[in-house]
Amino acid sequence: MSSLDGTGLHTFHEKHCKHCLRRAYTNKETGETNVLYMHHVLEAKLVVGDMVFSIASEFIENESENVSKQDCELKAFDRLAKKIKKIFKRLPICILGDSLYACETVFNLCRAHKWKYICRFKEGRIKSISTEFKVFFARKKCRVLQYINSFIPHKNSI
């Protein structure tokens, strides 16, 4: 099992380098808009029993200072998946991700690499699943619902 998650490494109030991610926020007391500059990384950890090993990392960073759309965890996953597949060609992998990874792009990439995946369900992430869960639970037909590597949004149902 390989667990994935992004984490923040550094946060600055002033621009540190051309690769910094930016996040604007409004100070509630003053109404002033401020910008934080950050460095984040996506980590892949191999989980074996009680042990956890870092197997690959991918920085989440902007390519240059003037990008129209910033880098993000899902784009970093695409790059990280290629690294992992290249290094561990034969390792049977099951990706464990939070609700961010519950999307067709990640599912398709996992299927292309012949990986299994387990993603946390969060209401609203994939609206079609949320709707189906509500219907099934309302009918009390089951207590636990799960998709296992066969879910294709808008093509499969529970």
# chains A, B, ... in the order shown; residues from 1 in each chain; ligands from 1

call {"tool": "select_by_dssp", "arguments": {"residues": "chain A", "states": "strand (DSSP E)", "output": "ChimeraX atom specification"}}
result
/A:2-12,21-26,33-48,51-60,94-97,116-119

call {"tool": "select_by_dssp", "arguments": {"residues": "stretch 48-129 of chain A", "states": "helix (DSSP H, G or I)", "output": "JSON, numbers by chain"}}
result
{"A": [73, 74, 75, 76, 77, 78, 79, 80, 81, 82, 83, 84, 85, 86, 87, 99, 100, 101, 104, 105, 106, 107, 108, 109, 110, 111, 112, 127, 128, 129]}

call {"tool": "atom_distance", "arguments": {"atom1": "atom CA of A:His40", "atom2": "atom CA of A:Lys83"}}
result
17.8 Å

call {"tool": "closest_atom_pairs", "arguments": {"of": "stretch 18-77 of chain A", "to": "stretch 107-110 of chain A", "cutoff": "12 Å", "atoms": "only C-alpha atoms", "output": "CSV"}}
result
residue,atom,partner,partner_atom,distance
A:Leu74,CA,A:Leu109,CA,11.2
A:Lys75,CA,A:Leu109,CA,11.7
A:Phe77,CA,A:Leu109,CA,9.5

call {"tool": "closest_residue", "arguments": {"among": "A:Ile95, A:Glu14, A:Glu29, A:Lys134", "to": "A:Lys45", "atoms": "only C-alpha atoms"}}
result
A:Ile95

call {"tool": "atom_distance", "arguments": {"atom1": "atom CA of A:Cys72", "atom2": "atom CA of A:His113"}}
result
21.2 Å

call {"tool": "closest_residue", "arguments": {"among": "A:Ile126, A:Ala44, A:Val52, A:Cys119", "to": "A:Thr7", "atoms": "only C-alpha atoms"}}
result
A:Ala44

call {"tool": "residues_around", "arguments": {"residues": "A:Val47", "least_positions_apart": "5", "cutoff": "12 Å", "atoms": "only C-alpha atoms", "output": "number ranges by chain"}}
result
A: 1-4, 52-55, 93-96

call {"tool": "atom_distance", "arguments": {"atom1": "atom CA of A:Glu104", "atom2": "atom CA of A:Asp78"}}
result
12.5 Å

call {"tool": "residues_around", "arguments": {"residues": "A:Leu80", "least_positions_apart": "6", "cutoff": "8 Å", "atoms": "only C-alpha atoms", "output": "compact mmCIF listing (two decimals) with N, CA and C atoms, in the first residue's frame"}}
result
# COMPACT_ATOMS: atom_id res chain seq x y z
N LEU A 42 4.54 16.61 -2.39
CA LEU A 42 3.68 15.43 -2.37
C LEU A 42 4.56 14.24 -2.04
N ALA A 56 9.00 8.09 -2.66
CA ALA A 56 9.16 9.10 -3.70
C ALA A 56 8.54 10.41 -3.23
N SER A 57 9.07 11.50 -3.77
CA SER A 57 8.57 12.84 -3.45
C SER A 57 8.48 13.65 -4.74
N GLU A 58 7.54 14.56 -4.78
CA GLU A 58 7.42 15.47 -5.92
C GLU A 58 7.05 16.85 -5.39

call {"tool": "residues_around", "arguments": {"residues": "A:Arg23", "least_positions_apart": "2", "cutoff": "12 Å", "atoms": "only C-alpha atoms", "output": "PyMOL selection string"}}
result
chain A and resi 11-15+20-21+25-26+33-39+70

call {"tool": "residues_around", "arguments": {"residues": "A:Ser64", "least_positions_apart": "3", "cutoff": "10 Å", "atoms": "only C-alpha atoms", "output": "list of chain:residue names"}}
result
A:Cys17, A:Lys18, A:His19, A:Cys20, A:Glu61, A:Val67, A:Ser68, A:Gln70

call {"tool": "closest_residue", "arguments": {"among": "A:Val41, A:Ala81, A:Leu91, A:Leu46", "to": "A:Phe59", "atoms": "only C-alpha atoms"}}
result
A:Val41

call {"tool": "closest_residue", "arguments": {"among": "A:Lys86, A:Lys122, A:Arg79, A:Arg111", "to": "A:Ser99", "atoms": "only C-alpha atoms"}}
result
A:Lys122
